[in-house]
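Printed here is structure-v7.cif (mmCIF, C-alpha atoms):
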data_coords
#
loop_
_atom_site.label_atom_id
_atom_site.label_comp_id
_atom_site.auth_asym_id
_atom_site.auth_seq_id
_atom_site.Cartn_x
_atom_site.Cartn_y
_atom_site.Cartn_z
CA MET E 849 -3.90 -5.41 21.93
CA GLU E 850 -4.65 -1.67 22.20
CA ARG E 851 -8.37 -2.53 22.17
CA GLY E 852 -8.06 -5.25 24.81
CA TRP E 853 -9.03 -8.16 22.58
CA ILE E 854 -5.76 -9.90 23.40
CA THR E 855 -3.11 -9.26 26.03
CA ARG E 856 0.24 -7.62 25.40
CA ALA E 857 1.91 -10.96 26.07
CA GLN E 858 -0.26 -12.68 23.45
CA ALA E 859 0.47 -9.97 20.92
CA ALA E 860 4.19 -10.13 21.60
CA ASP E 861 4.21 -13.92 21.31
CA ARG E 862 2.45 -13.83 17.92
CA THR E 863 4.82 -11.14 16.70
CA ARG E 864 7.89 -13.07 17.84
CA THR E 865 6.64 -16.24 16.11
CA THR E 866 6.16 -14.30 12.86
CA LEU E 867 9.59 -12.69 13.04
CA ARG E 868 11.28 -15.98 13.86
CA PHE E 869 9.75 -17.42 10.68
CA PHE E 870 11.02 -14.59 8.47
CA TRP E 871 14.47 -14.71 10.05
CA THR E 872 14.95 -18.49 9.79
CA ALA E 873 13.12 -19.26 6.50
CA PRO E 874 15.47 -20.27 3.64
CA GLN E 875 17.14 -17.48 1.68
CA ASP E 876 18.45 -18.99 -1.54
CA SER E 877 18.64 -18.47 -5.31
CA ALA E 878 16.90 -21.78 -6.03
CA VAL E 879 13.81 -21.75 -8.23
CA SER E 880 11.73 -23.42 -5.52
CA GLY E 881 11.92 -24.15 -1.81
CA ALA E 882 13.13 -20.70 -0.74
CA THR E 883 11.28 -17.87 0.99
CA GLY E 884 13.60 -15.13 -0.20
CA TYR E 885 17.06 -14.14 -1.37
CA HIS E 886 19.55 -11.42 -0.34
CA GLY E 887 17.19 -10.53 2.49
CA PHE E 888 14.22 -9.85 0.20
CA PHE E 889 11.07 -11.98 0.12
CA TYR E 890 8.91 -13.36 -2.65
CA HIS E 891 5.73 -11.47 -3.54
CA PHE E 892 3.53 -14.38 -2.45
CA LEU E 893 4.41 -17.22 -0.11
CA ASP E 894 2.57 -20.54 0.00
CA ALA E 895 0.36 -20.42 3.08
CA GLN E 896 1.15 -24.02 3.98
CA THR E 897 4.90 -24.17 3.36
CA GLY E 898 6.01 -20.56 3.69
CA ARG E 899 8.02 -20.94 0.48
CA ARG E 900 7.85 -19.17 -2.89
CA TYR E 901 4.39 -19.43 -4.46
CA GLN E 902 4.50 -20.68 -8.06
CA ASN E 903 6.84 -18.46 -10.13
CA VAL E 904 6.27 -15.08 -8.45
CA GLU E 905 9.04 -12.49 -8.30
CA LEU E 906 11.29 -11.59 -5.42
CA SER E 907 9.48 -8.35 -4.64
CA THR E 908 11.36 -5.32 -3.39
CA ILE E 909 8.20 -3.32 -2.63
CA ASP E 910 6.40 -6.13 -0.83
CA THR E 911 9.57 -6.68 1.20
CA GLY E 912 9.57 -2.95 1.93
CA LEU E 913 5.99 -2.98 3.18
CA LEU E 914 6.77 -6.01 5.36
CA LEU E 915 9.88 -4.32 6.76
CA ALA E 916 7.88 -1.23 7.65
CA GLY E 917 5.54 -3.41 9.69
CA ILE E 918 8.49 -5.19 11.28
CA LEU E 919 10.08 -1.89 12.31
CA PHE E 920 6.75 -0.77 13.74
CA ALA E 921 6.74 -3.91 15.89
CA GLN E 922 10.32 -3.18 16.90
CA SER E 923 9.45 0.27 18.21
CA TYR E 924 6.09 -0.75 19.68
CA PHE E 925 7.40 -3.62 21.78
CA ASP E 926 9.77 -1.60 23.95
CA GLY E 927 9.58 -3.73 27.09
CA SER E 928 12.58 -5.23 28.88
CA ASP E 929 11.31 -8.82 29.13
CA ALA E 930 12.84 -11.61 27.06
CA VAL E 931 10.09 -11.80 24.41
CA GLU E 932 10.01 -8.08 23.58
CA THR E 933 13.81 -7.91 23.64
CA GLU E 934 13.92 -10.79 21.16
CA ILE E 935 11.38 -9.03 18.91
CA ARG E 936 13.63 -5.98 18.66
CA GLY E 937 16.67 -8.12 17.90
CA LEU E 938 14.88 -10.14 15.22
CA ALA E 939 13.58 -6.94 13.60
CA ASP E 940 17.13 -5.59 13.34
CA SER E 941 18.42 -8.90 12.00
CA ILE E 942 15.80 -9.08 9.25
CA TYR E 943 16.23 -5.42 8.25
CA PHE E 944 20.02 -5.46 8.37
CA ARG E 945 20.16 -8.55 6.11
CA VAL E 946 18.39 -6.84 3.19
CA ASP E 947 21.01 -6.11 0.51
CA TRP E 948 19.68 -2.98 -1.14
CA ASN E 949 22.88 -2.56 -3.15
CA TRP E 950 22.40 -5.96 -4.78
CA ALA E 951 18.92 -4.83 -5.85
CA GLN E 952 20.34 -1.78 -7.64
CA ALA E 953 20.46 -3.59 -10.98
CA ARG E 954 20.72 -0.25 -12.78
CA PRO E 955 22.15 2.14 -10.17
CA PRO E 956 21.21 4.34 -8.49
CA ALA E 957 17.55 3.19 -8.57
CA VAL E 958 16.31 0.02 -6.87
CA SER E 959 14.86 -2.66 -9.13
CA MET E 960 11.21 -3.66 -8.80
CA GLY E 961 12.09 -7.31 -8.50
CA TRP E 962 14.03 -10.42 -9.48
CA HIS E 963 13.29 -13.95 -10.70
CA PRO E 964 15.67 -16.87 -10.17
CA GLU E 965 14.79 -17.99 -13.69
CA GLY E 966 15.73 -14.76 -15.46
CA GLY E 967 17.27 -12.20 -13.14
CA PHE E 968 16.09 -8.65 -12.50
CA ILE E 969 12.82 -7.23 -13.76
CA PRO E 970 13.56 -4.50 -16.37
CA ALA E 971 11.89 -1.78 -14.29
CA ASP E 972 13.08 0.40 -11.42
CA TRP E 973 11.49 2.47 -8.68
CA ILE E 974 11.58 5.87 -10.37
CA GLY E 975 8.65 8.29 -10.13
CA TYR E 976 5.98 8.72 -7.50
CA ASN E 977 4.05 5.65 -6.34
CA GLU E 978 3.78 3.38 -3.28
CA ALA E 979 7.56 2.86 -3.05
CA MET E 980 8.47 6.02 -1.15
CA ILE E 981 8.68 3.84 1.99
CA LEU E 982 10.99 1.42 0.15
CA ASN E 983 13.48 4.15 -0.75
CA ILE E 984 13.43 5.57 2.78
CA LEU E 985 14.17 2.10 4.18
CA ALA E 986 16.97 1.61 1.63
CA LEU E 987 18.50 4.97 2.55
CA GLY E 988 18.21 4.23 6.26
CA SER E 989 19.88 0.81 6.20
CA PRO E 990 22.84 0.57 8.62
CA THR E 991 24.36 -2.31 6.62
CA HIS E 992 23.64 -1.95 2.86
CA PRO E 993 22.44 1.63 2.35
CA VAL E 994 21.84 3.30 -0.98
CA ASP E 995 22.99 6.91 -1.20
CA SER E 996 21.15 10.16 -1.88
CA THR E 997 21.38 9.70 -5.64
CA THR E 998 18.74 6.98 -5.30
CA TRP E 999 16.29 9.57 -3.98
CA THR E 1000 17.31 11.96 -6.76
CA ALA E 1001 16.57 9.24 -9.34
CA TRP E 1002 13.24 8.51 -7.65
CA ILE E 1003 11.97 12.09 -7.80
CA SER E 1004 13.29 12.57 -11.35
CA GLY E 1005 10.26 10.63 -12.56
CA TYR E 1006 7.65 12.78 -10.78
CA GLN E 1007 4.85 14.24 -12.90
CA TRP E 1008 3.37 17.38 -11.36
CA GLY E 1009 0.06 18.37 -12.90
CA THR E 1010 -3.53 19.50 -12.41
CA PHE E 1011 -6.37 17.00 -12.32
CA TYR E 1012 -9.96 17.97 -11.53
CA GLY E 1013 -8.91 21.22 -9.91
CA GLN E 1014 -6.08 19.80 -7.78
CA ASP E 1015 -2.34 20.38 -8.30
CA PHE E 1016 -0.24 17.40 -7.16
CA VAL E 1017 2.32 14.76 -8.11
CA GLN E 1018 0.28 12.45 -10.30
CA PHE E 1019 -0.26 8.73 -9.76
CA ALA E 1020 -3.51 7.13 -10.86
CA PRO E 1021 -4.35 4.38 -8.30
CA LEU E 1022 -4.99 5.68 -4.78
CA PHE E 1023 -2.79 3.01 -3.15
CA GLY E 1024 0.28 4.90 -4.42
CA HIS E 1025 -0.81 7.89 -2.33
CA GLU E 1026 -1.54 5.77 0.74
CA TYR E 1027 0.82 2.87 1.49
CA SER E 1028 3.89 4.85 2.56
CA HIS E 1029 1.64 7.05 4.70
CA VAL E 1030 0.47 4.05 6.74
CA TRP E 1031 3.78 4.21 8.65
CA ILE E 1032 5.12 7.74 8.21
CA ASP E 1033 3.43 10.97 9.24
CA PHE E 1034 4.41 13.21 6.36
CA ARG E 1035 2.66 16.26 7.77
CA ALA E 1036 5.01 19.27 8.00
CA ILE E 1037 8.13 17.37 6.91
CA GLN E 1038 9.48 18.05 3.42
CA ASP E 1039 12.19 16.90 1.06
CA GLY E 1040 13.67 19.29 -1.46
CA TYR E 1041 11.04 18.56 -4.07
CA MET E 1042 8.07 19.29 -1.82
CA LYS E 1043 9.77 22.40 -0.42
CA GLY E 1044 9.88 23.64 -3.98
CA ARG E 1045 6.15 23.01 -4.38
CA GLY E 1046 5.23 24.59 -1.05
CA ILE E 1047 3.38 21.55 0.29
CA ASP E 1048 4.18 18.19 1.94
CA TYR E 1049 3.43 14.63 0.83
CA PHE E 1050 0.40 14.46 3.15
CA GLU E 1051 -1.17 17.43 1.36
CA ASN E 1052 -0.21 15.83 -1.95
CA SER E 1053 -2.20 12.73 -0.99
CA ARG E 1054 -5.12 14.85 0.18
CA ARG E 1055 -5.24 16.54 -3.21
CA ALA E 1056 -5.09 13.20 -5.01
CA THR E 1057 -8.00 11.99 -2.88
CA LEU E 1058 -10.07 15.11 -3.59
CA ALA E 1059 -9.31 14.85 -7.30
CA GLN E 1060 -10.57 11.26 -7.41
CA ARG E 1061 -13.78 12.26 -5.66
CA ALA E 1062 -14.27 15.14 -8.11
CA TYR E 1063 -13.64 12.75 -11.01
CA ALA E 1064 -16.34 10.38 -9.70
CA ILE E 1065 -18.83 13.23 -9.29
CA ALA E 1066 -18.16 14.34 -12.87
CA ASN E 1067 -18.29 10.67 -13.95
CA PRO E 1068 -17.09 11.17 -17.55
CA GLY E 1069 -17.48 7.46 -18.26
CA GLY E 1070 -21.15 7.44 -17.27
CA TRP E 1071 -20.72 4.52 -14.85
CA ALA E 1072 -23.59 3.51 -12.58
CA GLY E 1073 -23.51 4.39 -8.89
CA TYR E 1074 -20.78 7.05 -8.94
CA ASN E 1075 -21.55 10.10 -6.81
CA ASN E 1076 -20.05 12.32 -4.11
CA ASP E 1077 -20.17 9.43 -1.62
CA VAL E 1078 -19.50 6.45 -3.89
CA TRP E 1079 -16.03 6.57 -5.43
CA GLY E 1080 -12.48 5.23 -5.10
CA LEU E 1081 -10.26 3.84 -7.84
CA THR E 1082 -7.23 1.73 -6.99
CA ALA E 1083 -5.79 -1.70 -7.75
CA CYS E 1084 -8.44 -4.33 -7.12
CA ASP E 1085 -10.35 -7.32 -8.42
CA GLY E 1086 -13.00 -6.93 -11.10
CA PRO E 1087 -15.91 -8.85 -12.61
CA ALA E 1088 -14.57 -10.20 -15.90
CA ASN E 1089 -12.15 -9.72 -18.79
CA LYS E 1090 -14.71 -9.09 -21.49
CA THR E 1091 -16.72 -6.51 -23.41
CA ILE E 1092 -20.48 -6.73 -23.05
CA SER E 1093 -23.48 -4.55 -23.89
CA LEU E 1094 -25.22 -2.95 -20.93
CA GLY E 1095 -27.91 -0.33 -21.23
CA GLY E 1096 -27.38 -0.14 -24.96
CA ARG E 1097 -23.67 0.64 -24.56
CA LEU E 1098 -20.65 -1.57 -25.10
CA ARG E 1099 -18.62 -1.73 -21.90
CA GLU E 1100 -15.14 -3.16 -21.43
CA PHE E 1101 -14.48 -4.78 -18.06
CA HIS E 1102 -11.42 -6.27 -16.37
CA THR E 1103 -10.65 -8.69 -13.56
CA TYR E 1104 -7.62 -7.58 -11.47
CA TRP E 1105 -6.46 -4.16 -12.73
CA ALA E 1106 -4.57 -1.20 -11.30
CA ARG E 1107 -7.56 1.12 -11.61
CA GLY E 1108 -7.06 4.82 -11.10
CA ALA E 1109 -7.57 8.34 -12.33
CA ALA E 1110 -4.88 10.98 -12.87
CA LEU E 1111 -3.73 13.43 -15.50
CA GLY E 1112 -3.44 11.52 -18.78
CA ASP E 1113 -4.06 8.18 -17.08
CA ILE E 1114 -7.66 7.02 -16.63
CA ARG E 1115 -8.15 3.33 -15.83
CA ASP E 1116 -11.81 3.00 -15.00
CA ASP E 1117 -14.27 0.21 -15.82
CA GLY E 1118 -16.89 1.11 -13.24
CA THR E 1119 -15.26 -1.02 -10.53
CA LEU E 1120 -14.79 0.71 -7.19
CA CYS E 1121 -12.50 -0.34 -4.35
CA PRO E 1122 -13.54 0.68 -0.81
CA THR E 1123 -9.97 0.48 0.49
CA GLY E 1124 -9.10 3.37 -1.83
CA VAL E 1125 -11.42 5.54 0.24
CA ALA E 1126 -10.73 3.91 3.61
CA GLY E 1127 -6.97 4.16 3.15
CA ALA E 1128 -7.42 7.90 2.62
CA VAL E 1129 -9.40 8.56 5.82
CA PRO E 1130 -6.72 10.79 7.43
CA PHE E 1131 -6.27 12.89 4.28
CA ALA E 1132 -9.89 13.99 3.86
CA PRO E 1133 -12.02 12.67 6.74
CA GLU E 1134 -14.84 15.08 5.93
CA PHE E 1135 -15.39 13.20 2.65
CA THR E 1136 -13.97 9.71 3.23
CA ILE E 1137 -15.92 8.82 6.38
CA PRO E 1138 -19.32 9.79 4.91
CA ALA E 1139 -18.39 7.84 1.79
CA LEU E 1140 -17.64 4.67 3.75
CA LEU E 1141 -20.89 4.98 5.68
CA ALA E 1142 -22.83 5.60 2.46
CA MET E 1143 -21.28 2.59 0.72
CA ARG E 1144 -22.13 0.33 3.63
CA GLN E 1145 -25.67 1.69 3.87
CA THR E 1146 -26.31 1.53 0.11
CA TYR E 1147 -24.93 -1.96 -0.51
CA GLY E 1148 -25.30 -3.57 2.91
CA SER E 1149 -24.15 -7.14 3.33
CA HIS E 1150 -23.33 -7.38 -0.38
CA LEU E 1151 -20.28 -5.21 0.34
CA PHE E 1152 -19.69 -5.37 4.10
CA SER E 1153 -19.83 -8.66 5.96
CA THR E 1154 -17.80 -11.02 8.14
CA TYR E 1155 -14.36 -9.42 7.75
CA GLY E 1156 -15.38 -5.88 6.89
CA LEU E 1157 -15.38 -4.42 3.39
CA LEU E 1158 -14.96 -6.70 0.41
CA ASP E 1159 -12.24 -5.81 -2.07
CA ALA E 1160 -14.37 -4.34 -4.85
CA PHE E 1161 -17.79 -3.82 -6.41
CA ASN E 1162 -19.17 -2.62 -9.75
CA PRO E 1163 -22.70 -1.13 -9.85
CA THR E 1164 -22.64 -1.05 -13.66
CA PHE E 1165 -22.02 -4.79 -14.08
CA THR E 1166 -25.56 -6.18 -13.74
CA ALA E 1167 -25.10 -9.03 -16.24
CA ALA E 1168 -25.73 -12.02 -13.97
CA GLY E 1169 -23.85 -15.09 -15.15
CA GLN E 1170 -21.33 -13.08 -17.16
CA GLN E 1171 -18.93 -12.56 -14.25
CA GLU E 1172 -15.74 -14.62 -13.93
CA VAL E 1173 -15.55 -14.22 -10.14
CA GLY E 1174 -17.82 -12.89 -7.41
CA SER E 1175 -21.58 -12.51 -7.49
CA VAL E 1176 -24.04 -10.30 -9.36
CA ASP E 1177 -27.19 -8.71 -8.03
CA PRO E 1178 -29.30 -7.71 -11.07
CA THR E 1179 -30.12 -4.38 -9.43
CA LEU E 1180 -27.04 -3.48 -7.37
CA GLY E 1181 -24.35 -4.95 -9.65
CA TRP E 1182 -21.25 -7.07 -9.14
CA PHE E 1183 -19.56 -7.76 -5.80
CA ASP E 1184 -16.25 -9.45 -5.12
CA VAL E 1185 -16.07 -12.56 -2.97
CA ASP E 1186 -12.64 -11.81 -1.44
CA TYR E 1187 -11.41 -9.85 1.53
CA LEU E 1188 -7.75 -8.94 0.97
CA GLY E 1189 -5.15 -8.44 3.69
CA ILE E 1190 -3.53 -5.63 1.69
CA ASP E 1191 -6.93 -3.87 1.89
CA GLN E 1192 -7.76 -4.58 5.51
CA GLY E 1193 -4.30 -3.65 6.81
CA PRO E 1194 -4.21 -0.11 5.42
CA ILE E 1195 -7.87 0.42 6.37
CA LEU E 1196 -7.23 -0.46 10.03
CA ALA E 1197 -3.91 1.35 10.24
CA MET E 1198 -5.08 4.54 8.53
CA VAL E 1199 -8.30 4.73 10.53
CA GLU E 1200 -6.18 4.32 13.67
CA ASN E 1201 -3.79 7.03 12.48
CA TYR E 1202 -6.79 9.32 12.05
CA ARG E 1203 -8.20 8.40 15.48
CA THR E 1204 -5.08 8.40 17.64
CA GLY E 1205 -1.96 8.65 15.44
CA LEU E 1206 -0.79 5.33 16.92
CA VAL E 1207 1.24 3.95 14.01
CA TRP E 1208 2.68 7.35 13.10
CA ASN E 1209 3.69 8.17 16.66
CA VAL E 1210 5.36 4.81 17.25
CA MET E 1211 7.30 5.07 13.97
CA LYS E 1212 8.56 8.55 14.84
CA LYS E 1213 10.69 6.80 17.49
CA ASN E 1214 12.27 4.33 15.06
CA PRO E 1215 15.89 5.35 14.38
CA HIS E 1216 16.01 3.59 11.00
CA ILE E 1217 13.00 5.50 9.68
CA VAL E 1218 14.37 8.81 10.99
CA ARG E 1219 17.77 8.08 9.42
CA GLY E 1220 16.22 7.23 6.06
CA LEU E 1221 14.12 10.39 6.01
CA LYS E 1222 17.11 12.56 6.83
CA ARG E 1223 19.25 10.91 4.15
CA ALA E 1224 16.43 11.63 1.66
CA GLY E 1225 16.69 15.29 2.62
CA PHE E 1226 13.59 15.60 4.79
CA THR E 1227 13.58 18.38 7.38
CA GLY E 1228 11.11 20.22 9.60
CA GLY E 1229 8.08 19.16 11.56
CA TRP E 1230 8.60 16.31 14.01
CA LEU E 1231 12.04 15.30 12.70
CA PRO E 1232 14.81 15.81 15.29
#

Please render this file's structure as structure tokens.
Amino acid sequence: MERGWITRAQAADRTRTTLRFFWTAPQDSAVSGATGYHGFFYHFLDAQTGRRYQNVELSTIDTGLLLAGILFAQSYFDGSDAVETEIRGLADSIYFRVDWNWAQARPPAVSMGWHPEGGFIPADWIGYNEAMILNILALGSPTHPVDSTTWTAWISGYQWGTFYGQDFVQFAPLFGHEYSHVWIDFRAIQDGYMKGRGIDYFENSRRATLAQRAYAIANPGGWAGYNNDVWGLTACDGPANKTISLGGRLREFHTYWARGAALGDIRDDGTLCPTGVAGAVPFAPEFTIPALLAMRQTYGSHLFSTYGLLDAFNPTFTAAGQQEVGSVDPTLGWFDVDYLGIDQGPILAMVENYRTGLVWNVMKKNPHIVRGLKRAGFTGGWLP
């Protein structure tokens, strides 16, 4: 709508339709036929029915990411007409329904998820990753809020360290340094932990980005294609789950894998994910933008086509016919066949944040986000 491709009325109508679905879809503990439970939603929903896909978990983080988008829509559509008024009401209804306390299977942390077949997943959101937004939303809830001990538990798992010349809170895949930043401008606001380190979470993500680039330049694994403009390790698809000999060297490859590089945690099979770089555009534009241009120029339509950047590519994997998914060019390597929404969304939003600050500036007006940040102990900067 900001670009004039559709009108504001069209955008509002689409948004209202989406929110009506999430508000009215069945919330139930049944094994099948439900979309969510206790206000949370399943990780994947069947595209035809809108119900739980196969036996996936009720996902607290994927609900959190959805809620962040819903609250963005709430603050963006600030008009007085009936459609935009309904959008704001539906956003509140969906957010207020989420029972964060129920999801505290082992208080004070929030559980990663739940299955109707077996109950809560034996893992909680403790330690730095993509779930910072989840904890801020849980703290900010007007109806079922967690308290400050949840944030204390979260930061208790942080690992501060030095990786390729950068000091930062470690997390190997780049998505952990990006997703929460899609919606919140962390520049110049700090919680107690970051005050103690003398930086903010934005700078932390910048350092993580620079460390990954430095890792790719050093290229300790000797993977093909890595250089100062071709890098980026994060969760993505891959060519195959197998070990094969390439260039006289045995190489172990994976399909989907949470690839990354951090202190004591290297998960690298030569597969690069462009969204890792594109999602970091605001953190280090002087390096990320040239990298995106170089990747597009080097790999052309193999990597960038109808819907933008494909999910992943692997210049080392030149074994045509050995891949389990995607295609192989015997010179350029393996390329995925999929475009993923969880890639394209952060790419668009983070590029827009770099260009105009649109998402960040809209979210600064959202009272639930502001409340959650304050309850987590954030002060300074743009916070009132």

Point-to-point distance in Å for CA of Ala1128 in chain E and CA of Gln1018 in chain E: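 Here the two named atoms are 15.7 Å from each other.
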
Pairwise distance for CA of Ile1032 in chain E and CA of Trp1208 in chain E, rounded to one decimal in Å: 5.5 Å

Nearest to Pro990 in chain E, chosen from E:Phe1016, E:Phe944, E:Tyr1027, E:Trp950, with all atoms listed in the file counted in the distances: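 Residue with the minimum atom-to-atom distance to Pro990 in chain E: E:Phe944.
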
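Distance check against Thr1082 in chain E using only C-alpha atoms: of E:Ser1149, E:Asn977, E:Gln1014, E:Thr997, the minimum falls on E:Asn977.
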
Output as lines of an AutoDock Vina configuration file the centre and edge lengths (Å, one decimal) of the box along x, y and z of the file that holds every listed atom of range 919-938 of chain E after adding 4 Å on each side.
center_x = 11.4
center_y = -5.8
center_z = 20.7
size_x = 18.6
size_y = 20.1
size_z = 24.8

Using all atoms listed in the file, find each residue in range 1055-1123 of chain E having at least one atom no more than 7 Å away from range 1150-1171 of chain E; report its shortest atom-to-atom pair and that distance in Å (one decimal), rows by chain then rising number, as a Markdown table.
| residue | atom | partner | partner_atom | distance |
| --- | --- | --- | --- | --- |
| E:Trp1071 | CA | E:Thr1164 | CA | 6.0 |
| E:Ala1072 | CA | E:Thr1164 | CA | 4.8 |
| E:Gly1073 | CA | E:Pro1163 | CA | 5.7 |
| E:Cys1084 | CA | E:Ala1160 | CA | 6.3 |
| E:Asp1085 | CA | E:Ala1160 | CA | 6.1 |
| E:Gly1086 | CA | E:Ala1160 | CA | 6.9 |
| E:Pro1087 | CA | E:Gln1171 | CA | 5.1 |
| E:Ala1088 | CA | E:Gln1171 | CA | 5.2 |
| E:Gly1118 | CA | E:Asn1162 | CA | 5.6 |
| E:Thr1119 | CA | E:Asn1162 | CA | 4.3 |
| E:Leu1120 | CA | E:Phe1161 | CA | 5.5 |
| E:Cys1121 | CA | E:Ala1160 | CA | 4.4 |
| E:Pro1122 | CA | E:Ala1160 | CA | 6.5 |

Resolved residues for the PyMOL selection byres ((chain E and resi 938) around 12) as a PyMOL selection string: chain E and resi 863-872+915+918-919+921-922+925+931-937+939-945

Selection result for the PyMOL selection byres ((chain E and resi 1041) around 12) on this file, as a count of residues only: 29

Coordinates-based distance that separates CA of Leu985 in chain E from CA of Ala957 in chain E (Å, one decimal):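 That distance, rounded to one decimal, is 13.2 Å.
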
Answer key for the PyMOL selection byres ((chain E and resi 947) around 8), residues as number ranges by chain: E: 886-888, 944-946, 948-951, 991-992

Range 1063-1069 of chain E surroundings by only C-alpha atoms, 12 Å radius, close-in-sequence under 2 positions cut, as a PyMOL selection string: chain E and resi 1011-1014+1020+1056-1061+1071-1081+1097-1100+1108-1111+1114-1120+1139+1164

Pro1194 in chain E environment, 7 Å, only C-alpha atoms, sequence neighbours closer than 4 positions dropped, as a ChimeraX atom specification: /E:1030,1127,1190,1198

Closest of E:Leu906, E:Ala916, E:Ala1062, E:Ala979 to Ile1217 in chain E - atom-to-atom distances counting only C-alpha atoms: E:Ala916

Best match for closeness to Met960 in chain E among E:Arg1055, E:Thr908, E:Pro993, E:Leu913, counting all atoms listed in the file: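 Smallest distance to Met960 in chain E is found for E:Thr908.
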
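Each of E:Ala878, E:Ile984, E:Val904, E:Ala873 was checked against Gly1220 in chain E using all atoms listed in the file; the smallest atom-to-atom distance is that of E:Ile984.
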
Pick from E:Tyr1104, E:Arg862, E:Arg1035, E:Val994 nearest to Glu1172 in chain E, counting all atoms listed in the file: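 Closest to Glu1172 in chain E of all the choices is E:Tyr1104.
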
Surrounding residues of range 890-898 of chain E excluding itself and chain neighbours under 3 positions, 8 Å, all atoms listed in the file, as a list in words: Ala873, Thr883, Gly884, Tyr901, Val904, Glu905, Leu906, Ser907, Asp910 and Thr911 of chain E

Output C-alpha atoms for every residue in that selection, as a PDB file, in the coordinates of the input.
ATOM      1  CA  ALA E 873      13.120 -19.260   6.500  1.00  0.00           C
ATOM      2  CA  THR E 883      11.280 -17.870   0.990  1.00  0.00           C
ATOM      3  CA  GLY E 884      13.600 -15.130  -0.200  1.00  0.00           C
ATOM      4  CA  TYR E 901       4.390 -19.430  -4.460  1.00  0.00           C
ATOM      5  CA  VAL E 904       6.270 -15.080  -8.450  1.00  0.00           C
ATOM      6  CA  GLU E 905       9.040 -12.490  -8.300  1.00  0.00           C
ATOM      7  CA  LEU E 906      11.290 -11.590  -5.420  1.00  0.00           C
ATOM      8  CA  SER E 907       9.480  -8.350  -4.640  1.00  0.00           C
ATOM      9  CA  ASP E 910       6.400  -6.130  -0.830  1.00  0.00           C
ATOM     10  CA  THR E 911       9.570  -6.680   1.200  1.00  0.00           C
TER      11      THR E 911
END
